[in-house]
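Everything on this sheet refers to the single structure shown next.
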Amino acid sequence: MEKDIESYLRKRVTAAGGLALKLVCPGFTGVPDRLILFSGGRVCFAELKDTGQKPRKRQLRVHGMLRNLGFTVYVPDSKAAVDRMMEEVMPNEVHTP
């Protein structure tokens, strides 16, 4: 379930010393679920989905806007996808789920 994947992401980010802030923007739909912040100014976004699910059209549009601004947007749909995201975001760190 999406909430389990989101909980796992929060735990992994926190364990790595980062913040996984719930992102809510009243009046602006389609924003990713989490704003992820790490030391050194590393910033990315995560749109959590149930396994096999894809972002909606509005979400894809907002993801494109964020990517055009130079941000990375991940769409993990499993714990393994969260692990891959963490490997990419923090390639020189030791990763233990």
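FYI, nothing fancy with the structure tokens labels: chains A, B, ... in order, residues from 1 per chain, ligands from 1 as they appear.
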Excluding Thr29 (chain A) and its own-chain neighbours fewer than 2 positions away, which residues fall within 9 Å of it when counting only C-alpha atoms? Please give them as a PDB file with C-alpha atoms, in the first residue's frame.
```
ATOM      1  CA  VAL A  24       0.716  20.418   0.832  1.00  0.00           C
ATOM      2  CA  CYS A  25       0.059  23.439  -1.372  1.00  0.00           C
ATOM      3  CA  PRO A  26      -3.492  24.732  -1.015  1.00  0.00           C
ATOM      4  CA  GLY A  27      -4.762  26.013  -4.339  1.00  0.00           C
ATOM      5  CA  VAL A  31       2.458  18.563  -6.098  1.00  0.00           C
ATOM      6  CA  ARG A  58      -1.824  16.925 -13.424  1.00  0.00           C
ATOM      7  CA  GLN A  59       0.907  15.311 -11.337  1.00  0.00           C
ATOM      8  CA  VAL A  62       3.789  19.495 -12.083  1.00  0.00           C
TER       9      VAL A  62
END
```
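Residues within 9 Å of Val89 (chain A), counting only C-alpha atoms and excluding same-chain residues fewer than 6 positions away, are Phe38, Arg42, Val43 and Cys44 of chain A.
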Point-to-point distance in Å for CA of Asp33 (chain A) and CA of Leu66 (chain A):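 Spanning CA of Leu66 (chain A) to CA of Asp33 (chain A) is a straight-line distance of 13.2 Å.
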Option closest in space to Glu6 (chain A), from A:Thr51, A:Thr72, A:Ser39, A:Asn92 [counting only C-alpha atoms]: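 Between A:Thr51, A:Thr72, A:Ser39, A:Asn92, the residue approaching Glu6 (chain A) most closely is A:Thr51.
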Shell of 12 Å around Met1 (chain A), only C-alpha atoms, local chain residues under 6 positions omitted, as a ChimeraX atom specification: /A:7-8,48-53,76-79
Store the residues picked out above in a file with C-alpha atoms, as a compact mmCIF listing (two decimals), in the first residue's frame.
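Dumped everything to result_24.txt:
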```txt
# COMPACT_ATOMS: atom_id res chain seq x y z
CA SER A 7 6.33 5.29 5.89
CA TYR A 8 9.34 3.32 4.66
CA LEU A 48 4.49 7.85 -3.70
CA LYS A 49 2.31 5.35 -5.53
CA ASP A 50 0.91 1.89 -4.93
CA THR A 51 2.83 -0.82 -6.78
CA GLY A 52 2.34 -0.45 -10.51
CA GLN A 53 0.41 2.81 -10.29
CA PRO A 76 8.66 5.12 -5.98
CA ASP A 77 5.97 2.44 -5.99
CA SER A 78 7.70 -0.10 -3.75
CA LYS A 79 10.24 -0.35 -0.95
```
Filtered DSSP result for region 9-92 of chain A, state strand (DSSP E), as a list of chain:residue names: A:Leu19, A:Ala20, A:Leu21, A:Lys22, A:Arg34, A:Leu35, A:Ile36, A:Leu37, A:Phe38, A:Arg42, A:Val43, A:Cys44, A:Phe45, A:Ala46, A:Thr72, A:Val73, A:Tyr74
Generate a file of the selected residues that holds C-alpha atoms, formatted as an mmCIF file, in the first residue's frame.
```
data_model
loop_
_atom_site.group_PDB
_atom_site.id
_atom_site.type_symbol
_atom_site.label_atom_id
_atom_site.label_comp_id
_atom_site.auth_asym_id
_atom_site.auth_seq_id
_atom_site.Cartn_x
_atom_site.Cartn_y
_atom_site.Cartn_z
ATOM 1 C CA LEU A 19 13.940 15.326 6.234
ATOM 2 C CA ALA A 20 10.966 13.983 4.277
ATOM 3 C CA LEU A 21 8.418 16.758 4.658
ATOM 4 C CA LYS A 22 4.774 16.252 3.703
ATOM 5 C CA ARG A 34 7.165 14.591 -0.065
ATOM 6 C CA LEU A 35 9.855 17.266 -0.196
ATOM 7 C CA ILE A 36 13.116 15.511 0.662
ATOM 8 C CA LEU A 37 16.030 17.492 2.087
ATOM 9 C CA PHE A 38 19.565 16.320 2.855
ATOM 10 C CA ARG A 42 20.459 18.122 -1.729
ATOM 11 C CA VAL A 43 16.765 18.481 -2.546
ATOM 12 C CA CYS A 44 14.369 16.185 -4.381
ATOM 13 C CA PHE A 45 10.690 15.325 -4.453
ATOM 14 C CA ALA A 46 8.882 11.996 -4.122
ATOM 15 C CA THR A 72 14.646 15.626 -9.379
ATOM 16 C CA VAL A 73 11.255 13.968 -8.908
ATOM 17 C CA TYR A 74 11.058 10.298 -7.977
#
```
Top pick for closest residue to Leu9 (chain A), considering A:Leu69, A:Arg61, A:Ala80, A:Glu88 and counting only C-alpha atoms: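 Counting only C-alpha atoms, the residue closest to Leu9 (chain A) is A:Ala80.
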All helix (DSSP H, G or I) positions in chain A, as an NGL selection string: :A and (2-15 or 39-41 or 57-68 or 79-89)
Create the file for the chosen residues now, containing N, CA and C atoms and written as a compact mmCIF listing (two decimals), in the first residue's frame.
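File result19.txt, as written:
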```txt
# COMPACT_ATOMS: atom_id res chain seq x y z
N GLU A 2 0.33 2.31 -0.56
CA GLU A 2 1.07 3.57 -0.66
C GLU A 2 1.52 4.08 0.70
N LYS A 3 0.67 3.97 1.70
CA LYS A 3 1.04 4.49 3.03
C LYS A 3 2.22 3.73 3.62
N ASP A 4 2.34 2.43 3.32
CA ASP A 4 3.47 1.64 3.80
C ASP A 4 4.76 2.07 3.11
N ILE A 5 4.67 2.35 1.83
CA ILE A 5 5.84 2.81 1.07
C ILE A 5 6.26 4.19 1.56
N GLU A 6 5.28 5.05 1.83
CA GLU A 6 5.58 6.39 2.32
C GLU A 6 6.24 6.32 3.70
N SER A 7 5.74 5.46 4.56
CA SER A 7 6.33 5.29 5.89
C SER A 7 7.77 4.80 5.77
N TYR A 8 8.00 3.85 4.89
CA TYR A 8 9.34 3.32 4.66
C TYR A 8 10.27 4.42 4.15
N LEU A 9 9.79 5.23 3.22
CA LEU A 9 10.59 6.34 2.69
C LEU A 9 10.97 7.30 3.82
N ARG A 10 10.01 7.67 4.65
CA ARG A 10 10.29 8.59 5.77
C ARG A 10 11.36 8.02 6.68
N LYS A 11 11.26 6.74 7.00
CA LYS A 11 12.24 6.09 7.88
C LYS A 11 13.63 6.06 7.24
N ARG A 12 13.70 5.74 5.97
CA ARG A 12 15.00 5.68 5.28
C ARG A 12 15.65 7.07 5.22
N VAL A 13 14.85 8.09 4.87
CA VAL A 13 15.39 9.44 4.77
C VAL A 13 15.84 9.93 6.14
N THR A 14 15.03 9.70 7.16
CA THR A 14 15.38 10.13 8.52
C THR A 14 16.64 9.42 9.00
N ALA A 15 16.75 8.12 8.74
CA ALA A 15 17.92 7.36 9.15
C ALA A 15 19.19 7.87 8.47
N SER A 39 21.58 17.12 3.90
CA SER A 39 22.67 18.07 4.11
C SER A 39 23.37 18.35 2.79
N GLY A 40 24.01 19.49 2.75
CA GLY A 40 24.71 19.88 1.53
C GLY A 40 23.79 20.45 0.47
N GLY A 41 22.56 20.75 0.85
CA GLY A 41 21.63 21.35 -0.09
C GLY A 41 21.01 20.40 -1.09
N LYS A 57 -2.36 12.90 -14.77
CA LYS A 57 -1.91 13.91 -15.74
C LYS A 57 -1.44 15.18 -15.07
N ARG A 58 -2.20 15.69 -14.11
CA ARG A 58 -1.82 16.93 -13.42
C ARG A 58 -0.51 16.74 -12.67
N GLN A 59 -0.34 15.59 -12.04
CA GLN A 59 0.91 15.31 -11.34
C GLN A 59 2.08 15.29 -12.30
N LEU A 60 1.90 14.66 -13.46
CA LEU A 60 2.96 14.64 -14.47
C LEU A 60 3.33 16.05 -14.93
N ARG A 61 2.31 16.89 -15.07
CA ARG A 61 2.55 18.27 -15.48
C ARG A 61 3.39 19.00 -14.43
N VAL A 62 3.04 18.84 -13.16
CA VAL A 62 3.79 19.49 -12.08
C VAL A 62 5.19 18.90 -11.98
N HIS A 63 5.33 17.60 -12.13
CA HIS A 63 6.65 16.98 -12.12
C HIS A 63 7.52 17.59 -13.21
N GLY A 64 6.94 17.79 -14.39
CA GLY A 64 7.68 18.42 -15.49
C GLY A 64 8.10 19.83 -15.14
N MET A 65 7.24 20.59 -14.48
CA MET A 65 7.58 21.95 -14.07
C MET A 65 8.76 21.93 -13.10
N LEU A 66 8.73 21.00 -12.15
CA LEU A 66 9.81 20.91 -11.17
C LEU A 66 11.12 20.49 -11.84
N ARG A 67 11.03 19.53 -12.75
CA ARG A 67 12.24 19.08 -13.46
C ARG A 67 12.80 20.20 -14.32
N ASN A 68 11.93 21.00 -14.93
CA ASN A 68 12.41 22.14 -15.72
C ASN A 68 13.14 23.16 -14.86
N LYS A 79 9.10 -0.58 -1.84
CA LYS A 79 10.24 -0.35 -0.95
C LYS A 79 11.54 -0.46 -1.73
N ALA A 80 11.59 -1.37 -2.69
CA ALA A 80 12.79 -1.51 -3.52
C ALA A 80 13.04 -0.23 -4.33
N ALA A 81 11.97 0.41 -4.79
CA ALA A 81 12.12 1.67 -5.53
C ALA A 81 12.61 2.78 -4.61
N VAL A 82 12.19 2.77 -3.35
CA VAL A 82 12.71 3.74 -2.38
C VAL A 82 14.19 3.49 -2.17
N ASP A 83 14.59 2.22 -2.06
CA ASP A 83 16.01 1.89 -1.90
C ASP A 83 16.83 2.38 -3.09
N ARG A 84 16.31 2.20 -4.30
CA ARG A 84 17.02 2.69 -5.50
C ARG A 84 17.12 4.21 -5.48
N MET A 85 16.05 4.88 -5.06
CA MET A 85 16.06 6.34 -4.95
C MET A 85 17.16 6.78 -3.98
N MET A 86 17.24 6.12 -2.83
CA MET A 86 18.24 6.47 -1.83
C MET A 86 19.66 6.25 -2.36
N GLU A 87 19.87 5.19 -3.10
CA GLU A 87 21.18 4.93 -3.71
C GLU A 87 21.57 6.06 -4.66
N GLU A 88 20.60 6.56 -5.39
CA GLU A 88 20.87 7.63 -6.35
C GLU A 88 21.09 8.97 -5.65
N VAL A 89 20.28 9.25 -4.64
CA VAL A 89 20.36 10.53 -3.95
C VAL A 89 21.63 10.60 -3.09
```
From A:Gly18, A:Leu23, A:Pro32, A:Gly70, residue lying nearest Pro55 (chain A) [only C-alpha atoms]: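 That would be A:Pro32, the residue with the smallest distance to Pro55 (chain A).
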